[in-house]
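In what follows, a single structure is set out as structure tokens and then discussed.
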Amino acid sequence: MQKIGILGGGQLGKMLALAAANRDLPIWSLDKSKDFPAGPFSTKFIEGDFKNYDDVYNFGKQVDVLTIEIEHVNTDALLQLEKEGVKIHPSPRALNIIKDKGLQKQFYIDNNLPTSDFTFYDGAEAIRTAVESGDLSLPFVQKSRGGGYDGKGVAVIKTQSDLAEKLLPVPSITEPLVDIDKELAVVAARNEDGEIKTFPTVEMEFNQTANLVEFLICPANISAEIEQKATALAVKTIAAYDLCGLLAVELFLTKSGEILINEVAPRPHNSGHHTIDSCYTSQFQQHLRAIQNYPLGDTTMKTPSVMVNLLGADGYTGDAHYAGMAEVMALRGVNLHLYGKKTTKPFRKMGHATVTAESTEEAKKIAKQVQEGLVIKTV
């Protein structure tokens with residue numbers, strides 16, 4: 001039986017381990033503390049730093065297939081492990097492109113994949129200078145080239161006040177604010193034989209305060225033509241990266257009907273969590289199939305669904321307490337997935353709930369009840 005190694009021990013690692021348990025697959029995880037969500041569910045949990053060369057190298061030598069649950073890992077160690085015959089998915093070369101948002105955007109240009117315009121800057125002062133000289137116009141979005149996720153590393157600059165107070169002091173790209181009709185995502189999977197399958201397109205609604213997905217709706221409220229175009233673009237993108245495993249492709253649908261790639265994630269992703277409860281194959285099962293080069297599973301949707309991210313309540317930091325659990329569990333079609341994080345913080349992802357129903361309208365109504373009824377705070 002192949003040992004599957006995962007760099008990262010957060011909620012994605014936990015859900016991968018749960019999916020692996022159905023096939024009795026040994027899961028090894030590497031992260032800083034076995035108290036992290038994947039700890040109790042891993043066959044073996046090794047405490048270490050996935051950004052440290054030696055920790056990643058020594059961990060990788062002990063497993064048969066190495067994968068990730070976060071992009072920001074030590075790829076130098078992965079490249080050396082690959083030379084020594086360790087199977088690594090996604091490939092370190094793809095990771096080096098994807099984890100740098102500047103290289104990622106340039107990749108789309110080089111591969112004729114549609115994306116918004118962008119410009120490289122060394123930091124905040126260079127951006128301010130560009131605005132003063134007229135080379136850059138408000139409004140725009142600044143994205144740090146490295147380290148950003150879950151709304152971190154992104155600044156939306158609309159006013160002179162934002163320009164003075166919100167700019168990130170790091171190497172960045174800027175993009176004009178796209179005239180967005182909807183934000184969509186397609187999760188694609190590819191195995192070593194080149195088989196590719198996609199999950200149905202989802203529609204994302206964001207919490208503007210935290211810049212995090214609040215509700216995820218499947219199927220998206222889009223035409224059959226847009227569905228086909230979004231799916232085709234996700235297939236073309238995962239093939240261009242030549243990677244195995246999952247690729248979540250986040251998309252902008254503009255008001256003029258264009259579909260643009262926003263960014264991608266080469267791993268299980270928040271935009272695929274609903275598949276655990278609403279599709280014949282979950283994204284976590286699919287990722288394991290793909291990295292082991294098994295036939296990919298059926299991605300057909302069994303039922304409409306809406307996923308709601310369960311975020312830590314604003315104003316509370318400390319030991320997590322879930323208020324309203326009984327009332328939420330009494331609601332029809334609610335599937336709770338709590339990640340097991342011991343500490344809550346404002347807007348921290350503490351879990352998600354997927355609501356299945358006869359229609360997305362009905363599911364959305366119940367999902368709002370979950371969001372309002374389950375309050376994650378301290379005692």
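Identifiers for the structure tokens are assigned positionally: chains receive A, B, ... in sequence, residues are indexed from 1 per chain, and ligands are indexed from 1 in the order shown.
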
Hey, what does DSSP flag as strand (DSSP E or B) within segment 167-303 of chain A? Can you give it to me as a PyMOL selection string? chain A and resi 172-176+180-190+196-198+202-207+212-218+245-254+259-265+279+301

Please identify all polymer residues within 6 Å of Ala124 of chain A, counting only C-alpha atoms, omitting same-chain residues fewer than 5 positions from it, and present them as a PDB file with N, CA and C atoms, in the first residue's frame.
```pdb
ATOM      1  N   LEU A 167      -1.605  50.054   1.087  1.00  0.00           N
ATOM      2  CA  LEU A 167      -0.665  49.369   0.204  1.00  0.00           C
ATOM      3  C   LEU A 167       0.230  48.407   0.978  1.00  0.00           C
ATOM      4  N   LEU A 168       0.504  47.264   0.371  1.00  0.00           N
ATOM      5  CA  LEU A 168       1.374  46.252   0.967  1.00  0.00           C
ATOM      6  C   LEU A 168       2.823  46.551   0.588  1.00  0.00           C
ATOM      7  N   PRO A 169       3.751  46.534   1.560  1.00  0.00           N
ATOM      8  CA  PRO A 169       5.147  46.927   1.302  1.00  0.00           C
ATOM      9  C   PRO A 169       6.001  45.765   0.785  1.00  0.00           C
TER      10      PRO A 169
END
```

I want to know what sits within 8 Å of Asp277 of chain A, based on only C-alpha atoms, with residues of the same chain fewer than 4 positions away left out; could you give that as number ranges by chain? A: 282, 335, 354, 356

Enumerate, as number ranges by chain, the complete set of residues in segment 20-252 of chain A that a backbone-based DSSP assignment places in alpha helix (DSSP H). A: 20-21, 53-60, 75-83, 92-98, 101-110, 124-133, 160-165, 224-241

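Counting only C-alpha atoms and comparing A:Leu138, A:Leu296, A:Leu336, A:Ala320, the residue that lies closest to Val308 of chain A is A:Leu336.
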
Contact table segment 209-288 of chain A vs segment 178-185 of chain A, cut-off 7 Å, shortest pair per residue, only C-alpha atoms, as a Markdown table:
```
| residue | atom | partner | partner_atom | distance |
| --- | --- | --- | --- | --- |
| A:Ala248 | CA | A:Ala185 | CA | 6.8 |
| A:Val249 | CA | A:Ala185 | CA | 5.5 |
| A:Glu250 | CA | A:Ala185 | CA | 4.3 |
| A:Leu251 | CA | A:Leu184 | CA | 5.0 |
| A:Phe252 | CA | A:Glu183 | CA | 4.9 |
| A:Leu253 | CA | A:Lys182 | CA | 5.2 |
| A:Thr254 | CA | A:Ile180 | CA | 4.4 |
| A:Lys255 | CA | A:Asp181 | CA | 4.8 |
| A:Ser271 | CA | A:Ala185 | CA | 6.6 |
```

Any chance you could export the current selection's C-alpha atoms as a compact mmCIF listing (two decimals), in the first residue's frame?
```txt
# COMPACT_ATOMS: atom_id res chain seq x y z
CA ALA A 248 -9.01 24.91 -8.67
CA VAL A 249 -9.41 27.57 -11.34
CA GLU A 250 -10.99 30.78 -10.03
CA LEU A 251 -12.64 32.85 -12.77
CA PHE A 252 -14.18 36.25 -13.37
CA LEU A 253 -17.26 36.42 -15.57
CA THR A 254 -17.34 40.02 -16.76
CA LYS A 255 -20.47 42.00 -17.50
CA SER A 271 -14.55 25.95 -3.90
```

Set the distance at 7 Å and use only C-alpha atoms: which residues neighbour segment 201-209 of chain A once local chain neighbours fewer than 3 positions away are removed? I'd like the list as a list in words.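 Skipping anything fewer than 3 positions along the chain leaves Lys182, Glu183, Leu184, Ala185, Val186, Leu212, Val213, Glu214, Phe215, Leu216, Ile217, Cys218, Pro219, Ala220 and Glu227 of chain A.
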
Would you save the residues from that selection as a PDB file, in the first residue's frame, using C-alpha atoms?
```pdb
ATOM      1  CA  LYS A 182     -20.032  36.796 -11.210  1.00  0.00           C
ATOM      2  CA  GLU A 183     -17.043  35.072  -9.611  1.00  0.00           C
ATOM      3  CA  LEU A 184     -16.897  31.430 -10.657  1.00  0.00           C
ATOM      4  CA  ALA A 185     -14.656  28.442 -10.044  1.00  0.00           C
ATOM      5  CA  VAL A 186     -14.052  25.097 -11.716  1.00  0.00           C
ATOM      6  CA  LEU A 212     -13.292  35.405   1.883  1.00  0.00           C
ATOM      7  CA  VAL A 213     -15.864  33.237   0.145  1.00  0.00           C
ATOM      8  CA  GLU A 214     -19.095  33.400   2.146  1.00  0.00           C
ATOM      9  CA  PHE A 215     -21.452  31.262   0.048  1.00  0.00           C
ATOM     10  CA  LEU A 216     -20.635  28.819  -2.731  1.00  0.00           C
ATOM     11  CA  ILE A 217     -23.503  27.860  -5.035  1.00  0.00           C
ATOM     12  CA  CYS A 218     -23.622  24.712  -7.181  1.00  0.00           C
ATOM     13  CA  PRO A 219     -24.724  24.691  -9.912  1.00  0.00           C
ATOM     14  CA  ALA A 220     -23.806  28.271 -10.755  1.00  0.00           C
ATOM     15  CA  GLU A 227     -20.668  26.599 -18.268  1.00  0.00           C
TER      16      GLU A 227
END
```

Atom pair atom CA of Ala230 of chain A / atom CA of Leu113 of chain A: separation (Å): 11.8 Å

Out of A:His287, A:Lys302, A:Lys99, A:Lys143, which residue has the shortest atom-to-atom distance to Ile6 of chain A when counting only C-alpha atoms?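 Smallest distance to Ile6 of chain A is found for A:His287.
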
Atom-to-atom span, atom CA of Gln292 of chain A and atom CA of Asn58 of chain A, Å: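 Atom CA of Asn58 of chain A lies 21.2 Å from atom CA of Gln292 of chain A.
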
Work out how far atom CA of Asp64 of chain A is from atom CA of Glu84 of chain A, in Å to one decimal.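 Distance between the two atoms: 11.7 Å.
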
Between A:Asn191, A:Asn211, A:Ser29, A:Thr378, single out the one closest to Arg289 of chain A, counting only C-alpha atoms.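 So, comparing all the options, the nearest one is A:Asn191.
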
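Omitting Ile173 of chain A and its sequence neighbours fewer than 5 positions away, and counting only C-alpha atoms, the residues within 6 Å are Thr119, Phe120, Tyr121, Gln142 and Lys143 of chain A.
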
Could you save the residues just selected, with C-alpha atoms, as an mmCIF file, in the first residue's frame?
```cif
data_model
loop_
_atom_site.group_PDB
_atom_site.id
_atom_site.type_symbol
_atom_site.label_atom_id
_atom_site.label_comp_id
_atom_site.auth_asym_id
_atom_site.auth_seq_id
_atom_site.Cartn_x
_atom_site.Cartn_y
_atom_site.Cartn_z
ATOM 1 C CA THR A 119 1.893 45.261 -13.901
ATOM 2 C CA PHE A 120 4.852 44.278 -11.715
ATOM 3 C CA TYR A 121 5.998 46.573 -8.867
ATOM 4 C CA GLN A 142 -2.648 45.005 -5.382
ATOM 5 C CA LYS A 143 -1.594 41.382 -4.844
#
```

Considering only C-alpha atoms, can you say which of A:Asn112, A:Gln369, A:Ser33, A:Thr174 comes closest to Arg332 of chain A?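 Answer, going by the shortest atom-to-atom distance: A:Gln369.
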
Do a neighbour search on Ile27 of chain A at 9 Å with only C-alpha atoms, toss out local chain neighbours closer than 6 positions, and write the hits as number ranges by chain. A: 3-6, 16-17, 20-21, 41-45

Please identify all polymer residues within 9 Å of Lys14 of chain A, counting only C-alpha atoms, omitting same-chain residues fewer than 2 positions from it, and present them as an mmCIF file with C-alpha atoms, in the first residue's frame.
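File written: part.cif
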```
data_model
loop_
_atom_site.group_PDB
_atom_site.id
_atom_site.type_symbol
_atom_site.label_atom_id
_atom_site.label_comp_id
_atom_site.auth_asym_id
_atom_site.auth_seq_id
_atom_site.Cartn_x
_atom_site.Cartn_y
_atom_site.Cartn_z
ATOM 1 C CA GLY A 9 -1.717 19.580 8.464
ATOM 2 C CA GLY A 10 -4.681 21.912 8.224
ATOM 3 C CA GLN A 11 -8.302 21.237 7.347
ATOM 4 C CA LEU A 12 -7.508 20.194 3.776
ATOM 5 C CA LEU A 16 -7.773 14.201 2.550
ATOM 6 C CA ALA A 17 -7.021 11.824 5.425
ATOM 7 C CA LEU A 18 -10.735 11.147 5.937
ATOM 8 C CA ALA A 19 -11.147 10.362 2.229
ATOM 9 C CA PHE A 36 -3.506 20.887 13.908
ATOM 10 C CA PRO A 37 -6.705 19.553 12.249
ATOM 11 C CA ALA A 38 -5.019 16.675 10.357
ATOM 12 C CA GLY A 39 -3.166 15.430 13.442
ATOM 13 C CA PRO A 40 -5.716 12.973 14.868
ATOM 14 C CA PHE A 41 -6.604 11.621 11.424
ATOM 15 C CA SER A 42 -3.122 10.979 10.014
ATOM 16 C CA TYR A 339 -12.186 21.538 11.263
#
```
